[in-house]
file model07.cif (mmCIF, C-alpha atoms)
data_my_file
#
loop_
_atom_site.label_atom_id
_atom_site.label_comp_id
_atom_site.auth_asym_id
_atom_site.auth_seq_id
_atom_site.Cartn_x
_atom_site.Cartn_y
_atom_site.Cartn_z
CA MET A 1 8.04 29.40 -31.77
CA LYS A 2 10.15 26.52 -30.41
CA THR A 3 8.91 26.73 -26.82
CA MET A 4 10.44 23.36 -25.82
CA SER A 5 13.94 23.97 -27.18
CA GLY A 6 16.62 22.61 -24.86
CA LYS A 7 14.22 20.24 -23.10
CA VAL A 8 14.41 16.44 -23.18
CA CYS A 9 11.17 14.48 -23.19
CA MET A 10 10.53 10.73 -22.96
CA ILE A 11 7.23 9.31 -24.22
CA THR A 12 6.46 5.62 -23.75
CA GLY A 13 4.19 3.67 -26.07
CA ALA A 14 5.02 6.24 -28.72
CA THR A 15 5.12 4.18 -31.90
CA SER A 16 1.39 4.62 -32.61
CA GLY A 17 -1.80 6.28 -31.42
CA ILE A 18 -1.78 9.11 -28.90
CA GLY A 19 1.81 8.34 -27.90
CA GLU A 20 3.07 8.99 -31.42
CA VAL A 21 1.00 12.17 -31.75
CA THR A 22 2.30 13.39 -28.37
CA ALA A 23 5.89 12.71 -29.41
CA ARG A 24 5.38 14.40 -32.79
CA GLU A 25 3.82 17.57 -31.41
CA ILE A 26 6.38 17.96 -28.63
CA ALA A 27 9.12 17.48 -31.24
CA ARG A 28 7.43 20.18 -33.33
CA LEU A 29 7.94 22.54 -30.39
CA GLY A 30 11.70 21.96 -30.57
CA ALA A 31 12.29 19.44 -27.78
CA THR A 32 14.66 16.50 -27.89
CA VAL A 33 12.24 13.57 -27.89
CA VAL A 34 12.94 9.98 -26.88
CA VAL A 35 10.38 7.54 -28.27
CA VAL A 36 10.04 4.29 -26.30
CA GLY A 37 8.57 1.18 -27.89
CA ARG A 38 9.07 -2.56 -27.83
CA ASN A 39 9.49 -3.11 -31.59
CA PRO A 40 12.80 -1.81 -33.05
CA GLU A 41 11.44 -1.56 -36.60
CA LYS A 42 8.37 0.38 -35.50
CA CYS A 43 10.54 2.64 -33.36
CA GLN A 44 12.82 3.37 -36.28
CA SER A 45 10.00 4.11 -38.73
CA THR A 46 8.16 6.28 -36.17
CA VAL A 47 11.28 8.34 -35.46
CA SER A 48 11.95 8.83 -39.18
CA ARG A 49 8.34 9.89 -39.75
CA ILE A 50 8.40 12.40 -36.86
CA GLN A 51 11.74 13.83 -37.99
CA GLN A 52 10.41 14.33 -41.51
CA GLU A 53 7.07 15.82 -40.41
CA THR A 54 8.55 18.23 -37.85
CA GLY A 55 11.96 19.02 -39.30
CA ASN A 56 13.41 18.17 -35.89
CA PRO A 57 16.41 15.80 -36.10
CA ALA A 58 16.61 15.46 -32.29
CA VAL A 59 14.12 12.58 -32.16
CA ASN A 60 15.54 9.25 -31.07
CA TYR A 61 14.30 5.96 -29.69
CA LEU A 62 14.99 3.34 -27.07
CA VAL A 63 13.59 -0.20 -27.16
CA ALA A 64 12.01 -1.91 -24.16
CA ASP A 65 9.16 -4.24 -23.30
CA LEU A 66 7.71 -2.27 -20.41
CA SER A 67 5.94 -5.28 -18.93
CA ALA A 68 9.39 -6.63 -17.99
CA MET A 69 11.15 -5.00 -15.05
CA ALA A 70 14.64 -5.93 -16.24
CA GLN A 71 13.97 -4.16 -19.53
CA ILE A 72 12.67 -1.06 -17.74
CA ARG A 73 15.88 -0.93 -15.71
CA SER A 74 17.96 -1.41 -18.87
CA LEU A 75 15.98 1.37 -20.58
CA VAL A 76 16.78 3.77 -17.76
CA GLN A 77 20.47 2.86 -17.82
CA GLN A 78 20.62 3.44 -21.59
CA PHE A 79 18.80 6.75 -21.25
CA LYS A 80 21.16 8.01 -18.53
CA GLU A 81 24.18 7.02 -20.62
CA GLN A 82 22.90 9.15 -23.52
CA TYR A 83 21.25 12.10 -21.78
CA ASN A 84 22.10 14.25 -18.77
CA ARG A 85 18.61 15.66 -18.20
CA LEU A 86 14.92 14.77 -18.43
CA ASP A 87 12.34 17.55 -18.38
CA VAL A 88 9.18 15.61 -19.21
CA LEU A 89 8.20 11.97 -18.74
CA VAL A 90 4.94 10.88 -20.37
CA ASN A 91 3.90 7.45 -19.12
CA ASN A 92 1.60 6.41 -21.94
CA ALA A 93 2.27 2.74 -22.73
CA GLY A 94 -0.52 0.36 -21.77
CA GLY A 95 -2.61 -2.57 -22.86
CA PHE A 96 -5.97 -4.33 -22.63
CA PHE A 97 -5.89 -8.12 -22.39
CA MET A 98 -8.97 -10.27 -22.94
CA THR A 99 -7.52 -13.32 -21.20
CA ARG A 100 -5.37 -13.46 -18.07
CA GLN A 101 -1.70 -13.42 -18.99
CA THR A 102 1.42 -13.03 -16.87
CA SER A 103 4.40 -10.75 -17.36
CA PRO A 104 8.00 -12.01 -17.53
CA ASP A 105 8.14 -11.34 -13.78
CA GLY A 106 5.06 -13.46 -13.10
CA TYR A 107 2.57 -10.64 -12.48
CA GLU A 108 -0.83 -10.31 -14.13
CA MET A 109 -0.13 -8.52 -17.41
CA THR A 110 -2.64 -5.65 -17.17
CA PHE A 111 -1.35 -4.67 -13.73
CA ALA A 112 2.29 -5.15 -14.76
CA LEU A 113 2.13 -3.08 -17.94
CA ASN A 114 -0.41 -0.45 -16.97
CA HIS A 115 0.66 0.21 -13.36
CA LEU A 116 3.98 -1.37 -12.32
CA ASN A 117 5.57 0.00 -15.50
CA TYR A 118 4.58 3.59 -14.54
CA PHE A 119 5.62 3.03 -10.95
CA LEU A 120 9.06 1.53 -11.63
CA LEU A 121 10.04 3.70 -14.59
CA THR A 122 9.09 6.90 -12.77
CA ASN A 123 10.93 5.96 -9.59
CA LEU A 124 14.08 5.01 -11.51
CA LEU A 125 14.00 8.36 -13.33
CA LEU A 126 13.14 10.58 -10.35
CA ASP A 127 16.75 11.51 -9.67
CA ILE A 128 17.35 12.87 -13.18
CA LEU A 129 13.91 14.53 -13.23
CA LYS A 130 14.74 16.31 -9.96
CA SER A 131 18.16 17.41 -11.21
CA SER A 132 16.49 18.81 -14.38
CA ALA A 133 13.80 20.73 -12.46
CA PRO A 134 11.37 22.19 -13.10
CA ALA A 135 10.21 18.91 -14.61
CA ARG A 136 6.89 17.20 -15.30
CA ILE A 137 5.43 13.71 -15.13
CA VAL A 138 2.27 12.99 -17.12
CA ASN A 139 0.50 9.70 -16.40
CA VAL A 140 -2.07 8.64 -18.99
CA ALA A 141 -5.01 7.17 -17.09
CA SER A 142 -8.65 6.81 -18.22
CA GLU A 143 -12.24 7.46 -17.24
CA SER A 144 -12.37 3.65 -17.00
CA HIS A 145 -11.05 4.12 -13.45
CA ARG A 146 -14.47 5.27 -12.30
CA HIS A 147 -16.61 2.92 -10.18
CA GLN A 148 -13.61 0.66 -9.57
CA ARG A 149 -12.00 -0.37 -6.30
CA ILE A 150 -8.47 -1.61 -5.65
CA ASN A 151 -8.45 -5.06 -4.07
CA ILE A 152 -5.06 -5.16 -2.37
CA ASP A 153 -5.60 -8.83 -1.51
CA ASP A 154 -6.10 -9.83 -5.15
CA LEU A 155 -4.22 -7.37 -7.35
CA GLN A 156 -3.31 -10.25 -9.67
CA PHE A 157 -6.90 -11.37 -10.40
CA LYS A 158 -6.06 -14.94 -9.40
CA ARG A 159 -9.61 -15.68 -8.25
CA PHE A 160 -11.48 -14.51 -11.32
CA TYR A 161 -10.20 -12.53 -14.29
CA ASN A 162 -12.48 -9.89 -15.76
CA PRO A 163 -10.65 -7.92 -18.50
CA VAL A 164 -12.78 -4.78 -18.19
CA GLN A 165 -12.36 -4.75 -14.42
CA ALA A 166 -8.63 -5.47 -14.66
CA TYR A 167 -8.19 -2.55 -17.05
CA GLY A 168 -10.35 -0.20 -14.96
CA ARG A 169 -8.49 -1.06 -11.76
CA SER A 170 -5.13 -0.54 -13.45
CA LYS A 171 -6.29 2.93 -14.51
CA LEU A 172 -7.47 3.64 -10.95
CA ALA A 173 -4.00 2.58 -9.85
CA ASN A 174 -2.57 5.18 -12.26
CA VAL A 175 -4.59 7.93 -10.60
CA LEU A 176 -3.81 6.75 -7.05
CA PHE A 177 -0.12 6.56 -7.95
CA THR A 178 -0.17 10.07 -9.44
CA TYR A 179 -1.74 11.59 -6.34
CA GLU A 180 0.55 9.72 -3.95
CA LEU A 181 3.61 10.66 -6.00
CA ALA A 182 2.56 14.31 -5.99
CA ARG A 183 2.09 14.19 -2.18
CA ARG A 184 5.51 12.62 -1.65
CA LEU A 185 7.20 15.14 -3.92
CA GLN A 186 5.45 17.96 -2.07
CA ASP A 187 6.46 16.55 1.32
CA CYS A 188 10.08 16.83 0.17
CA THR A 189 9.60 20.57 -0.33
CA GLY A 190 7.71 21.27 2.87
CA GLY A 191 4.42 21.81 1.09
CA ILE A 192 5.86 24.30 -1.39
CA THR A 193 5.21 23.53 -5.06
CA PRO A 194 7.73 20.79 -5.85
CA PRO A 195 10.28 21.02 -8.65
CA VAL A 196 8.75 17.90 -10.25
CA LEU A 197 5.03 18.02 -11.06
CA ALA A 198 2.88 14.89 -11.42
CA ASN A 199 -0.54 14.89 -13.07
CA ALA A 200 -2.88 12.31 -14.59
CA VAL A 201 -4.86 12.59 -17.79
CA ASP A 202 -7.88 11.00 -19.41
CA PRO A 203 -7.33 11.02 -23.18
CA GLY A 204 -10.94 10.05 -23.95
CA THR A 205 -12.11 7.01 -25.90
CA VAL A 206 -9.51 6.95 -28.63
CA ALA A 207 -9.39 4.80 -31.75
CA THR A 208 -5.98 3.20 -31.13
CA ASN A 209 -4.34 -0.22 -31.33
CA ILE A 210 -5.12 -0.91 -27.67
CA TRP A 211 -8.60 -2.07 -28.72
CA ASN A 212 -7.39 -4.37 -31.51
CA ASN A 213 -8.51 -7.86 -30.58
CA PRO A 214 -7.57 -11.20 -32.11
CA ILE A 215 -10.94 -12.74 -31.16
CA PRO A 216 -13.02 -12.37 -34.37
CA TRP A 217 -16.47 -12.16 -32.76
CA LEU A 218 -15.30 -9.56 -30.24
CA LYS A 219 -13.61 -7.47 -32.91
CA PHE A 220 -16.88 -7.66 -34.86
CA LEU A 221 -18.71 -6.19 -31.83
CA ILE A 222 -16.13 -3.59 -30.84
CA ASP A 223 -15.28 -2.08 -34.24
CA PRO A 224 -18.72 -0.55 -35.00
CA VAL A 225 -18.93 0.92 -31.49
CA MET A 226 -15.44 2.43 -31.76
CA ARG A 227 -16.28 3.98 -35.14
CA ARG A 228 -19.25 5.76 -33.55
CA VAL A 229 -17.81 6.96 -30.24
CA ALA A 230 -14.02 7.05 -30.56
CA ILE A 231 -12.09 10.24 -31.13
CA SER A 232 -8.92 10.44 -33.20
CA PRO A 233 -5.43 10.00 -31.71
CA GLU A 234 -4.82 13.67 -32.58
CA GLU A 235 -7.74 14.70 -30.37
CA GLY A 236 -6.87 12.20 -27.65
CA ALA A 237 -3.28 13.42 -27.35
CA GLN A 238 -4.14 17.07 -26.75
CA THR A 239 -4.36 16.92 -22.96
CA SER A 240 -1.07 15.02 -22.65
CA ILE A 241 0.61 17.60 -24.88
CA TYR A 242 -0.94 20.42 -22.84
CA LEU A 243 0.28 19.02 -19.51
CA ALA A 244 3.75 18.33 -20.93
CA THR A 245 4.31 21.73 -22.52
CA SER A 246 1.93 24.49 -21.44
CA PRO A 247 3.15 27.31 -19.17
CA GLU A 248 -0.44 27.49 -17.87
CA VAL A 249 0.11 24.41 -15.70
CA GLU A 250 3.37 25.52 -14.10
CA GLY A 251 3.06 24.73 -10.42
CA VAL A 252 0.00 22.51 -10.89
CA THR A 253 0.44 19.03 -9.42
CA GLY A 254 -1.62 16.11 -8.15
CA GLU A 255 -4.53 16.79 -10.51
CA TYR A 256 -6.61 14.76 -12.96
CA PHE A 257 -7.18 16.44 -16.32
CA VAL A 258 -9.91 15.87 -18.90
CA ARG A 259 -9.89 17.91 -22.12
CA SER A 260 -7.10 20.07 -20.74
CA ASN A 261 -9.06 21.01 -17.62
CA PRO A 262 -8.73 19.70 -14.05
CA ARG A 263 -11.63 17.46 -13.02
CA ARG A 264 -12.56 15.48 -9.95
CA SER A 265 -11.63 11.84 -10.39
CA ASP A 266 -13.57 8.98 -8.80
CA PRO A 267 -13.96 9.29 -5.00
CA ALA A 268 -11.97 6.04 -4.56
CA SER A 269 -8.90 7.76 -6.04
CA TYR A 270 -8.71 10.15 -3.07
CA ASP A 271 -8.33 7.35 -0.51
CA GLU A 272 -4.86 8.14 0.86
CA ALA A 273 -4.69 4.95 2.92
CA ILE A 274 -5.25 2.79 -0.15
CA ALA A 275 -2.79 4.90 -2.15
CA LYS A 276 -0.08 4.34 0.49
CA ARG A 277 -0.80 0.60 0.62
CA LEU A 278 -0.68 0.35 -3.16
CA TRP A 279 2.64 2.22 -3.14
CA ASP A 280 4.11 -0.12 -0.53
CA VAL A 281 2.90 -3.27 -2.30
CA SER A 282 4.18 -1.97 -5.65
CA LEU A 283 7.54 -1.16 -4.07
CA GLU A 284 7.79 -4.71 -2.78
CA MET A 285 6.97 -6.08 -6.22
CA VAL A 286 9.62 -4.05 -8.05
CA LYS A 287 12.36 -4.02 -5.38
CA SER A 288 14.55 -6.43 -7.35
CA ALA A 289 14.76 -3.88 -10.17
CA LEU A 290 15.39 -0.76 -8.08
#
call {"tool": "encode", "arguments": {"input": "model07.cif", "output": "structure tokens"}}
result
Amino acid sequence: MKTMSGKVCMITGATSGIGEVTAREIARLGATVVVVGRNPEKCQSTVSRIQQETGNPAVNYLVADLSAMAQIRSLVQQFKEQYNRLDVLVNNAGGFFMTRQTSPDGYEMTFALNHLNYFLLTNLLLDILKSSAPARIVNVASESHRHQRINIDDLQFKRFYNPVQAYGRSKLANVLFTYELARRLQDCTGGITPPVLANAVDPGTVATNIWNNPIPWLKFLIDPVMRRVAISPEEGAQTSIYLATSPEVEGVTGEYFVRSNPRRSDPASYDEAIAKRLWDVSLEMVKSAL
């Protein structure tokens, strides 16, 4: 049964791993799916593969490097020129960087790609999500957010760069952003369930390209561990697919899901003062692209 027929869904980071599986399975349910990736050739081959596997011709792609704010803005403009609705946004694109790098806008790359990307893309698409209501936003976070703290005074890791900490904090930022977004959307409706739902998800430790590392000795250490503990992209995508499509989560917002069930996230993620400060700082960072 094509339960997503007539709906338009955008999935970022969808040319491999859990993003591709999410796009494929939502397409299988009959939705119009927009795959977002930074490599045109990979986008094209992914779309062709999904069309063939699902029999759904309504799978298309848009190209953007989501670490660059100008490209996020261009992506949104292209999307709005081609589509008049958006029912589901799955913010899935992300990265893990062993050494400190900076984005085209001069921000630390982990923070730029993993958090500012979600923040800017979602805010630029909120108008069309609201006009398509009921709509859903799914933010792919991670259990890596646990035992982390947001340092508002050093979001860019200028003092000392620790890749594991940078990744964990960016995932905590995803959860804080999701909760704050859900609160703001609810405030607009006077506390009634809002027409746009926002939830975060932990996909689990998934064997995807995010862990591919060009440093030979590190790859040598990581690969055996990943083979033992990592789940498949098919398994890792299940909760994102569930939140994007299931009627069981209608009206559910501001939650953190693990294995398709709501769970308590780290205590730090419920700090509303930090969430508001992070929102304000993020808004200042992206204001040139709004």
call {"tool": "resolve_selection", "arguments": {"input": "model07.cif", "expression": "the PyMOL selection byres ((chain A and resi 139-144) around 9)", "output": "ChimeraX atom specification"}}
result
/A:89-94,114,118,137-138,145-148,164-165,167-175,178,198-205,240,256,258,265-266
call {"tool": "resolve_selection", "arguments": {"input": "model07.cif", "expression": "the PyMOL selection byres ((chain A and resi 277) around 12)", "output": "list in words"}}
result
Ile150, Asn151, Ile152, Asp153, Leu155, Ala173, Leu176, Phe177, Glu180, Asp271, Glu272, Ala273, Ile274, Ala275, Lys276, Leu278, Trp279, Asp280, Val281, Ser282, Leu283 and Glu284 of chain A
call {"tool": "closest_residue", "arguments": {"input": "model07.cif", "among": "A:Thr99, A:Ser260, A:Ser45, A:Gln71", "to": "Asn117 of chain A", "atoms": "only C-alpha atoms"}}
result
A:Gln71
call {"tool": "resolve_selection", "arguments": {"input": "model07.cif", "expression": "the PyMOL selection byres ((chain A and resi 20-25) around 9)", "output": "number ranges by chain"}}
result
A: 9-11, 13-19, 26-29, 33-35, 46-47, 49-51, 53-54, 59, 90, 233-234, 236-238, 240-241
call {"tool": "closest_residue", "arguments": {"input": "model07.cif", "among": "A:Tyr270, A:Glu250, A:Leu124, A:Arg259", "to": "Arg183 of chain A", "atoms": "only C-alpha atoms"}}
result
A:Tyr270
call {"tool": "residues_around", "arguments": {"input": "model07.cif", "residues": "Leu185 of chain A", "least_positions_apart": "2", "cutoff": "10 Å", "atoms": "all atoms listed in the file", "output": "list in words"}}
result
Leu126, Lys130, Tyr179, Glu180, Leu181, Ala182, Arg183, Asp187, Cys188, Thr189, Gly190, Gly191, Ile192, Thr193, Pro194, Pro195, Val196, Leu197, Ala198, Thr253 and Gly254 of chain A
call {"tool": "atom_distance", "arguments": {"input": "model07.cif", "atom1": "atom CA of Asp127 of chain A", "atom2": "atom CA of Lys42 of chain A"}}
result
29.3 Å
